[in-house]
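Asker: Input start.cif, format and content: mmCIF, C-alpha atoms and all ligand atoms.
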data_final
#
loop_
_atom_site.label_atom_id
_atom_site.label_comp_id
_atom_site.auth_asym_id
_atom_site.auth_seq_id
_atom_site.Cartn_x
_atom_site.Cartn_y
_atom_site.Cartn_z
CA MET E 545 12.29 14.38 11.00
CA ALA E 546 14.61 12.62 8.52
CA SER E 547 13.33 11.95 5.02
CA SER E 548 10.59 9.44 4.26
CA ILE E 549 9.76 7.22 1.28
CA VAL E 550 6.42 6.77 -0.48
CA LEU E 551 5.55 3.41 -2.03
CA PHE E 552 3.04 4.24 -4.75
CA GLY E 553 0.94 2.19 -7.16
CA PRO E 554 -2.49 0.73 -7.87
CA PRO E 555 -4.12 -1.76 -5.48
CA GLY E 556 -2.42 -5.12 -5.96
CA ALA E 557 0.75 -3.66 -7.49
CA GLY E 558 2.93 -5.37 -4.88
CA LYS E 559 3.50 -2.54 -2.38
CA GLY E 560 2.97 -4.70 0.71
CA THR E 561 5.03 -7.51 -0.82
CA GLN E 562 8.00 -5.21 -1.39
CA ALA E 563 7.67 -3.19 1.83
CA GLY E 564 9.53 -5.71 4.02
CA ASN E 565 12.60 -5.53 1.82
CA ILE E 566 12.60 -1.72 1.91
CA VAL E 567 12.19 -1.72 5.70
CA ALA E 568 15.15 -4.14 5.95
CA ILE E 569 17.34 -1.91 3.77
CA THR E 570 16.40 1.48 5.19
CA GLY E 571 15.39 0.69 8.79
CA LYS E 572 12.35 2.94 8.33
CA PRO E 573 9.06 1.57 9.71
CA GLN E 574 6.23 0.78 7.26
CA ILE E 575 3.08 2.85 7.67
CA SER E 576 0.24 1.26 5.71
CA THR E 577 -2.99 3.22 5.99
CA GLY E 578 -4.90 0.16 4.73
CA ASP E 579 -3.45 -2.00 7.53
CA MET E 580 -4.18 0.72 10.12
CA LEU E 581 -7.79 1.02 8.96
CA ARG E 582 -8.26 -2.78 8.99
CA ALA E 583 -6.85 -2.91 12.54
CA ALA E 584 -9.25 -0.14 13.60
CA LEU E 585 -12.14 -2.02 11.99
CA ALA E 586 -11.20 -5.29 13.75
CA ALA E 587 -10.93 -3.45 17.07
CA GLY E 588 -14.34 -1.83 16.52
CA THR E 589 -13.07 1.73 17.12
CA THR E 590 -14.94 4.85 16.00
CA LEU E 591 -12.38 5.29 13.24
CA GLY E 592 -12.96 1.70 12.08
CA MET E 593 -16.72 2.19 12.03
CA GLU E 594 -16.32 5.43 10.06
CA ALA E 595 -14.06 3.76 7.47
CA LYS E 596 -16.00 0.48 7.14
CA GLY E 597 -18.54 1.46 4.48
CA TYR E 598 -15.97 3.11 2.24
CA MET E 599 -13.59 0.16 2.45
CA GLU E 600 -16.29 -2.41 1.75
CA ALA E 601 -17.42 -0.41 -1.27
CA GLY E 602 -13.85 0.02 -2.55
CA GLN E 603 -13.99 3.80 -2.20
CA LEU E 604 -11.40 6.03 -0.60
CA VAL E 605 -11.88 6.98 3.05
CA PRO E 606 -12.29 10.79 3.40
CA ASP E 607 -9.07 12.81 3.41
CA ASP E 608 -9.57 14.39 6.85
CA VAL E 609 -9.85 10.94 8.46
CA ILE E 610 -6.70 9.67 6.74
CA ILE E 611 -4.67 12.83 7.37
CA GLY E 612 -5.62 12.76 11.07
CA LEU E 613 -4.56 9.11 11.26
CA ILE E 614 -1.16 9.87 9.69
CA GLU E 615 -0.55 12.96 11.83
CA GLU E 616 -1.16 10.91 14.95
CA ARG E 617 1.01 8.00 13.77
CA LEU E 618 3.93 10.34 12.99
CA THR E 619 4.04 11.51 16.61
CA GLN E 620 5.32 8.07 17.65
CA SER E 621 9.06 7.96 18.29
CA ASP E 622 9.82 5.25 15.72
CA ALA E 623 8.89 7.78 13.02
CA ASN E 624 11.64 10.22 14.01
CA GLU E 625 14.08 8.99 11.36
CA GLY E 626 11.51 8.93 8.56
CA VAL E 627 9.06 6.23 7.50
CA LEU E 628 7.92 4.15 4.54
CA PHE E 629 4.41 5.23 3.51
CA ASP E 630 2.48 2.37 1.86
CA GLY E 631 -0.87 3.25 0.30
CA PHE E 632 -0.62 6.91 1.35
CA PRO E 633 -1.00 9.53 -0.07
CA ARG E 634 -3.84 8.60 -2.40
CA THR E 635 -5.20 12.07 -3.30
CA ILE E 636 -3.65 15.45 -4.07
CA ALA E 637 -5.12 16.78 -0.80
CA GLN E 638 -3.33 14.01 1.13
CA ALA E 639 -0.06 14.76 -0.70
CA GLU E 640 -0.38 18.45 0.09
CA ALA E 641 -1.03 17.72 3.77
CA LEU E 642 1.95 15.35 3.81
CA SER E 643 4.22 18.02 2.31
CA HIS E 644 3.63 20.10 5.46
CA ILE E 645 4.42 17.33 7.93
CA ALA E 646 7.18 15.18 6.38
CA GLU E 647 10.09 15.52 3.99
CA LEU E 648 10.27 12.94 1.18
CA SER E 649 13.41 11.57 -0.49
CA VAL E 650 11.68 9.48 -3.17
CA VAL E 651 8.32 8.20 -4.41
CA ILE E 652 8.76 4.65 -5.71
CA ALA E 653 5.94 3.81 -8.13
CA ILE E 654 5.32 0.13 -8.84
CA GLU E 655 3.69 0.10 -12.27
CA VAL E 656 1.39 -2.80 -13.20
CA PRO E 657 -1.20 -2.79 -16.02
CA ASP E 658 -4.87 -2.99 -15.03
CA SER E 659 -5.18 -6.31 -16.86
CA ARG E 660 -2.98 -7.95 -14.18
CA ILE E 661 -4.60 -6.39 -11.13
CA VAL E 662 -7.77 -8.48 -10.81
CA GLU E 663 -5.90 -11.81 -10.87
CA ARG E 664 -3.36 -10.52 -8.36
CA ILE E 665 -5.95 -9.24 -5.89
CA CYS E 666 -8.40 -12.14 -6.20
CA GLY E 667 -5.59 -14.64 -5.46
CA ARG E 668 -4.15 -12.75 -2.49
CA TYR E 669 -4.04 -14.19 1.02
CA THR E 670 -2.06 -13.15 4.07
CA CYS E 671 -0.74 -14.80 7.19
CA GLY E 672 -3.02 -14.13 10.16
CA GLY E 673 0.03 -14.16 12.43
CA CYS E 674 2.67 -11.93 10.80
CA GLY E 675 0.83 -10.44 7.81
CA ALA E 676 3.15 -11.95 5.16
CA VAL E 677 1.54 -11.65 1.72
CA TYR E 678 0.99 -14.67 -0.57
CA HIS E 679 -0.77 -15.50 -3.83
CA ASP E 680 -2.56 -18.71 -4.86
CA THR E 681 -0.57 -18.96 -8.10
CA PHE E 682 2.29 -16.44 -8.12
CA ASN E 683 3.60 -16.76 -4.56
CA PRO E 684 2.06 -19.66 -2.60
CA THR E 685 3.30 -20.80 0.80
CA ALA E 686 5.83 -23.67 0.56
CA SER E 687 3.57 -25.93 2.69
CA PRO E 688 -0.14 -25.40 2.05
CA GLY E 689 -1.74 -23.28 4.79
CA GLU E 690 1.49 -22.67 6.72
CA CYS E 691 3.31 -19.34 6.73
CA ASP E 692 6.90 -19.57 5.41
CA ASP E 693 8.01 -16.73 7.68
CA CYS E 694 6.44 -17.53 11.07
CA GLY E 695 4.86 -21.00 10.77
CA HIS E 696 1.38 -19.71 11.68
CA THR E 697 -1.41 -21.82 10.16
CA GLU E 698 -4.31 -19.36 9.86
CA MET E 699 -4.41 -17.62 6.48
CA LYS E 700 -6.76 -14.69 5.80
CA ARG E 701 -8.46 -13.19 2.76
CA ARG E 702 -9.63 -9.60 2.70
CA ALA E 703 -13.37 -8.89 2.40
CA ASP E 704 -12.64 -6.28 -0.31
CA ASP E 705 -10.51 -8.65 -2.43
CA ASN E 706 -13.31 -9.65 -4.78
CA GLU E 707 -13.72 -8.83 -8.46
CA ASP E 708 -16.54 -6.26 -8.09
CA THR E 709 -14.77 -4.26 -5.40
CA VAL E 710 -11.44 -4.44 -7.23
CA LEU E 711 -12.98 -2.69 -10.23
CA THR E 712 -14.27 0.13 -8.01
CA ARG E 713 -10.85 0.38 -6.31
CA LEU E 714 -9.12 0.55 -9.70
CA SER E 715 -11.50 3.27 -10.82
CA ALA E 716 -10.80 5.26 -7.62
CA TYR E 717 -7.09 4.77 -8.28
CA HIS E 718 -7.30 6.18 -11.82
CA SER E 719 -9.50 9.15 -10.97
CA GLN E 720 -8.11 10.18 -7.57
CA THR E 721 -4.64 8.65 -7.06
CA ALA E 722 -2.96 8.39 -10.48
CA PRO E 723 -2.82 12.23 -10.86
CA LEU E 724 -0.27 12.18 -8.03
CA ALA E 725 2.29 10.74 -10.46
CA ASP E 726 2.55 14.08 -12.30
CA TRP E 727 2.41 15.96 -9.01
CA TYR E 728 5.51 14.10 -7.78
CA LYS E 729 7.24 14.20 -11.20
CA GLU E 730 7.02 18.00 -11.05
CA ARG E 731 8.79 17.82 -7.68
CA ASN E 732 11.50 15.45 -9.02
CA LEU E 733 10.63 12.75 -6.51
CA PHE E 734 9.07 10.14 -8.82
CA VAL E 735 10.86 6.91 -9.78
CA ALA E 736 8.94 4.28 -11.79
CA ILE E 737 9.60 0.55 -11.38
CA ASN E 738 8.24 -2.15 -13.70
CA GLY E 739 6.00 -4.17 -11.39
CA ASP E 740 4.96 -6.60 -14.12
CA GLN E 741 7.84 -9.01 -13.51
CA ASP E 742 8.85 -11.55 -10.86
CA ILE E 743 8.70 -10.46 -7.21
CA GLU E 744 12.50 -10.87 -6.91
CA LYS E 745 13.13 -8.71 -9.99
CA VAL E 746 10.84 -5.96 -8.69
CA GLY E 747 12.72 -6.14 -5.37
CA ALA E 748 16.10 -5.87 -7.11
CA ALA E 749 14.93 -2.84 -9.12
CA ILE E 750 13.74 -1.14 -5.92
CA SER E 751 16.98 -1.97 -4.10
CA SER E 752 18.98 -0.32 -6.86
CA VAL E 753 16.95 2.89 -6.39
CA LEU E 754 17.60 2.87 -2.66
P1 LIG E 801 -0.52 -4.02 -2.71
O1 LIG E 801 0.08 -3.92 -1.33
O2 LIG E 801 0.11 -3.06 -3.68
O3 LIG E 801 -2.03 -3.94 -2.72
P2 LIG E 801 0.35 -6.82 -2.55
O4 LIG E 801 1.78 -6.69 -2.19
O5 LIG E 801 -0.60 -7.23 -1.47
O6 LIG E 801 -0.17 -5.47 -3.28
O7 LIG E 801 0.25 -7.85 -3.78
C1 LIG E 801 -1.02 -8.21 -4.34
C2 LIG E 801 -0.98 -9.70 -4.72
O8 LIG E 801 -0.09 -9.89 -5.82
C3 LIG E 801 -0.46 -10.62 -3.60
O9 LIG E 801 -1.20 -11.83 -3.64
C4 LIG E 801 1.01 -10.86 -3.97
O10 LIG E 801 1.48 -12.13 -3.53
C5 LIG E 801 0.97 -10.77 -5.49
N1 LIG E 801 2.19 -10.18 -6.07
C6 LIG E 801 2.93 -9.15 -5.57
N2 LIG E 801 3.95 -8.85 -6.40
C7 LIG E 801 3.85 -9.71 -7.46
C8 LIG E 801 4.61 -9.91 -8.66
N3 LIG E 801 5.68 -9.16 -8.94
N4 LIG E 801 4.21 -10.89 -9.51
C9 LIG E 801 3.11 -11.66 -9.23
N5 LIG E 801 2.36 -11.51 -8.12
C10 LIG E 801 2.72 -10.55 -7.24
P1 LIG E 802 -5.18 -0.94 0.84
O1 LIG E 802 -4.90 -1.87 1.98
O2 LIG E 802 -4.07 0.05 0.63
O3 LIG E 802 -5.55 -1.68 -0.42
O4 LIG E 802 -6.45 -0.09 1.27
C1 LIG E 802 -7.70 -0.71 1.54
C2 LIG E 802 -8.80 0.34 1.61
O5 LIG E 802 -8.55 1.23 2.70
C3 LIG E 802 -8.94 1.25 0.38
O6 LIG E 802 -9.74 0.66 -0.64
C4 LIG E 802 -9.59 2.50 1.00
O7 LIG E 802 -10.98 2.28 1.25
C5 LIG E 802 -8.89 2.58 2.36
N1 LIG E 802 -7.64 3.38 2.31
C6 LIG E 802 -6.37 2.94 2.57
N2 LIG E 802 -5.48 3.93 2.47
C7 LIG E 802 -6.20 5.05 2.12
C8 LIG E 802 -5.85 6.39 1.83
N3 LIG E 802 -4.58 6.82 1.89
N4 LIG E 802 -6.84 7.25 1.49
C9 LIG E 802 -8.13 6.85 1.45
N5 LIG E 802 -8.53 5.59 1.69
C10 LIG E 802 -7.57 4.69 2.03
#
Would you mind writing the file out in structure tokens?
Ligand code: ADP
Ligand code: AMP
Answerer:
Amino acid sequence: MASSIVLFGPPGAGKGTQAGNIVAITGKPQISTGDMLRAALAAGTTLGMEAKGYMEAGQLVPDDVIIGLIEERLTQSDANEGVLFDGFPRTIAQAEALSHIAELSVVIAIEVPDSRIVERICGRYTCGGCGAVYHDTFNPTASPGECDDCGHTEMKRRADDNEDTVLTRLSAYHSQTAPLADWYKERNLFVAINGDQDIEKVGAAISSVL
């Protein structure tokens, strides 16, 4: 399999927002474990039921569940030329498992201070049709309630995008996910991007890395 990219950062950093641009540049499909888990939950599968409690509480879903999900996803033919991982890996155990199944070219870390995260996540909404990501203040749709990309008129908010759950998710990020930064720095794969600037500027900084 050709090399893959990891999009890394705290919840609300802007990974999903920037993913479309990276997919357009590299042609690699986006694999978001959060999106896959939400789809499983909506479909009422065993996986979705297993993940539900953890997601609602803002805790990480167990490693074996996530690793199994990724292993299965990587067997699909669109992954043959490498993929863009979004929201995975989130623990050292996940990174170790990934090192045995995929080669990485770069880990792009979108860095945003904690003080910005709550306002970003609590203002987030997405298009129910195409999944485009918006924000009440920082990136609203041009016409209220209508997706700029596909014209769909049903917007969604995530059940876990509330202040209490965000604080638990941030705490999980600092204790379980942030240590991966050093892990990838030791392997010379880590590139940090300042995520505390306009969406376009973050996109330009990422494009220059690619
Ligand atoms: P993640 O995928 O890392 O959880 P998202 O891409 O969903 O984060 O972004 C979280 C929220 O912050 C969304 O509402 C999005 O519109 C907004 N956002 C993303 N990037 C920026 C930015 N650079 N400046 C301000 N708001 C942003
Ligand atoms: P996200 O969409 O990336 O914000 O993820 C939403 C939720 O899904 C997280 O709070 C976790 O409960 C779960 N999740 C997503 N990706 C992972 C992962 N790689 N490891 C463990 N849990 C995950």
Asker: Here is a test: counting only C-alpha atoms, which residue of E:Ile611, E:Ile665, E:Val753, E:Val627 is nearest to His644 of chain E?
Answerer: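 For His644 of chain E, the nearest of the given residues is E:Ile611.
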Asker: Given only C-alpha atoms as the basis, pick out the residue of E:Ile652, E:Thr619, E:Asp740, E:Gln638 nearest to Ser752 of chain E.
Answerer: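 Looking only at the distances to Ser752 of chain E, the closest residue turns out to be E:Ile652.
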Asker: So which residues are near ligand LIG 802 (chain E), meaning at most 8 Å away with all atoms listed in the file counted, given back as number ranges by chain?
Answerer: E: 555-556, 576-579, 581-582, 595-596, 598-607, 610, 630-635, 638, 704, 713
Asker: Rank E:Lys745, E:Arg701, E:His718, E:Arg731 by their smallest atom-to-atom distance to Tyr669 of chain E, using all atoms listed in the file, and report the top residue only.
Answerer: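 Result for the nearest residue to Tyr669 of chain E: E:Arg701.
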Asker: Which centre and edge lengths in Å to one decimal define the box along x, y and z that fits every listed atom of segment 613-618 of chain E plus 5 Å per side, as JSON?
Answerer:
{"center_x": -0.3, "center_y": 10.5, "center_z": 12.3, "size_x": 18.5, "size_y": 15.0, "size_z": 15.3}
Asker: Which residue gives the smallest distance to ligand LIG 801 (chain E) among E:Thr721, E:Asn683, E:Thr709, E:Ser659, with only C-alpha atoms and all ligand atoms counted?
Answerer: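 Using only C-alpha atoms and all ligand atoms, ligand LIG 801 (chain E) sits closest to E:Asn683.
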Asker: Starting from the sparse input, extend segment 730-744 of chain E to N, CA, C and O atoms and give the output as an mmCIF file, in the frame of the given file.
Answerer:
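Final file, rebuild.cif:
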data_model
loop_
_atom_site.group_PDB
_atom_site.id
_atom_site.type_symbol
_atom_site.label_atom_id
_atom_site.label_comp_id
_atom_site.auth_asym_id
_atom_site.auth_seq_id
_atom_site.Cartn_x
_atom_site.Cartn_y
_atom_site.Cartn_z
ATOM 1 N N GLU E 730 6.694 16.559 -11.063
ATOM 2 C CA GLU E 730 7.020 18.000 -11.050
ATOM 3 C C GLU E 730 7.962 18.342 -9.900
ATOM 4 O O GLU E 730 8.716 19.303 -9.966
ATOM 5 N N ARG E 731 7.937 17.557 -8.851
ATOM 6 C CA ARG E 731 8.790 17.820 -7.680
ATOM 7 C C ARG E 731 10.058 16.954 -7.694
ATOM 8 O O ARG E 731 10.774 16.867 -6.693
ATOM 9 N N ASN E 732 10.292 16.282 -8.827
ATOM 10 C CA ASN E 732 11.500 15.450 -9.020
ATOM 11 C C ASN E 732 11.678 14.357 -7.970
ATOM 12 O O ASN E 732 12.795 14.046 -7.568
ATOM 13 N N LEU E 733 10.545 13.796 -7.545
ATOM 14 C CA LEU E 733 10.630 12.750 -6.510
ATOM 15 C C LEU E 733 10.231 11.379 -7.053
ATOM 16 O O LEU E 733 10.386 10.375 -6.368
ATOM 17 N N PHE E 734 9.746 11.337 -8.301
ATOM 18 C CA PHE E 734 9.070 10.140 -8.820
ATOM 19 C C PHE E 734 10.029 9.197 -9.527
ATOM 20 O O PHE E 734 10.739 9.586 -10.436
ATOM 21 N N VAL E 735 10.061 7.928 -9.092
ATOM 22 C CA VAL E 735 10.860 6.910 -9.780
ATOM 23 C C VAL E 735 9.939 5.733 -10.100
ATOM 24 O O VAL E 735 9.325 5.159 -9.195
ATOM 25 N N ALA E 736 9.841 5.368 -11.391
ATOM 26 C CA ALA E 736 8.940 4.280 -11.790
ATOM 27 C C ALA E 736 9.695 2.950 -11.863
ATOM 28 O O ALA E 736 10.829 2.886 -12.343
ATOM 29 N N ILE E 737 9.050 1.905 -11.357
ATOM 30 C CA ILE E 737 9.600 0.550 -11.380
ATOM 31 C C ILE E 737 8.622 -0.338 -12.148
ATOM 32 O O ILE E 737 7.404 -0.236 -11.923
ATOM 33 N N ASN E 738 9.127 -1.203 -13.003
ATOM 34 C CA ASN E 738 8.240 -2.150 -13.700
ATOM 35 C C ASN E 738 7.803 -3.234 -12.720
ATOM 36 O O ASN E 738 8.599 -4.083 -12.312
ATOM 37 N N GLY E 739 6.519 -3.198 -12.338
ATOM 38 C CA GLY E 739 6.000 -4.170 -11.390
ATOM 39 C C GLY E 739 5.456 -5.421 -12.035
ATOM 40 O O GLY E 739 5.008 -6.344 -11.349
ATOM 41 N N ASP E 740 5.512 -5.461 -13.384
ATOM 42 C CA ASP E 740 4.960 -6.600 -14.120
ATOM 43 C C ASP E 740 6.081 -7.601 -14.427
ATOM 44 O O ASP E 740 6.350 -7.929 -15.573
ATOM 45 N N GLN E 741 6.770 -8.014 -13.400
ATOM 46 C CA GLN E 741 7.840 -9.010 -13.510
ATOM 47 C C GLN E 741 7.920 -9.735 -12.164
ATOM 48 O O GLN E 741 7.222 -9.372 -11.222
ATOM 49 N N ASP E 742 8.778 -10.747 -12.084
ATOM 50 C CA ASP E 742 8.850 -11.550 -10.860
ATOM 51 C C ASP E 742 9.086 -10.695 -9.614
ATOM 52 O O ASP E 742 9.768 -9.671 -9.681
ATOM 53 N N ILE E 743 8.561 -11.178 -8.483
ATOM 54 C CA ILE E 743 8.700 -10.460 -7.210
ATOM 55 C C ILE E 743 10.170 -10.127 -6.937
ATOM 56 O O ILE E 743 10.506 -9.013 -6.523
ATOM 57 N N GLU E 744 11.065 -11.085 -7.191
ATOM 58 C CA GLU E 744 12.500 -10.870 -6.910
ATOM 59 C C GLU E 744 13.059 -9.761 -7.803
ATOM 60 O O GLU E 744 13.878 -8.957 -7.361
#
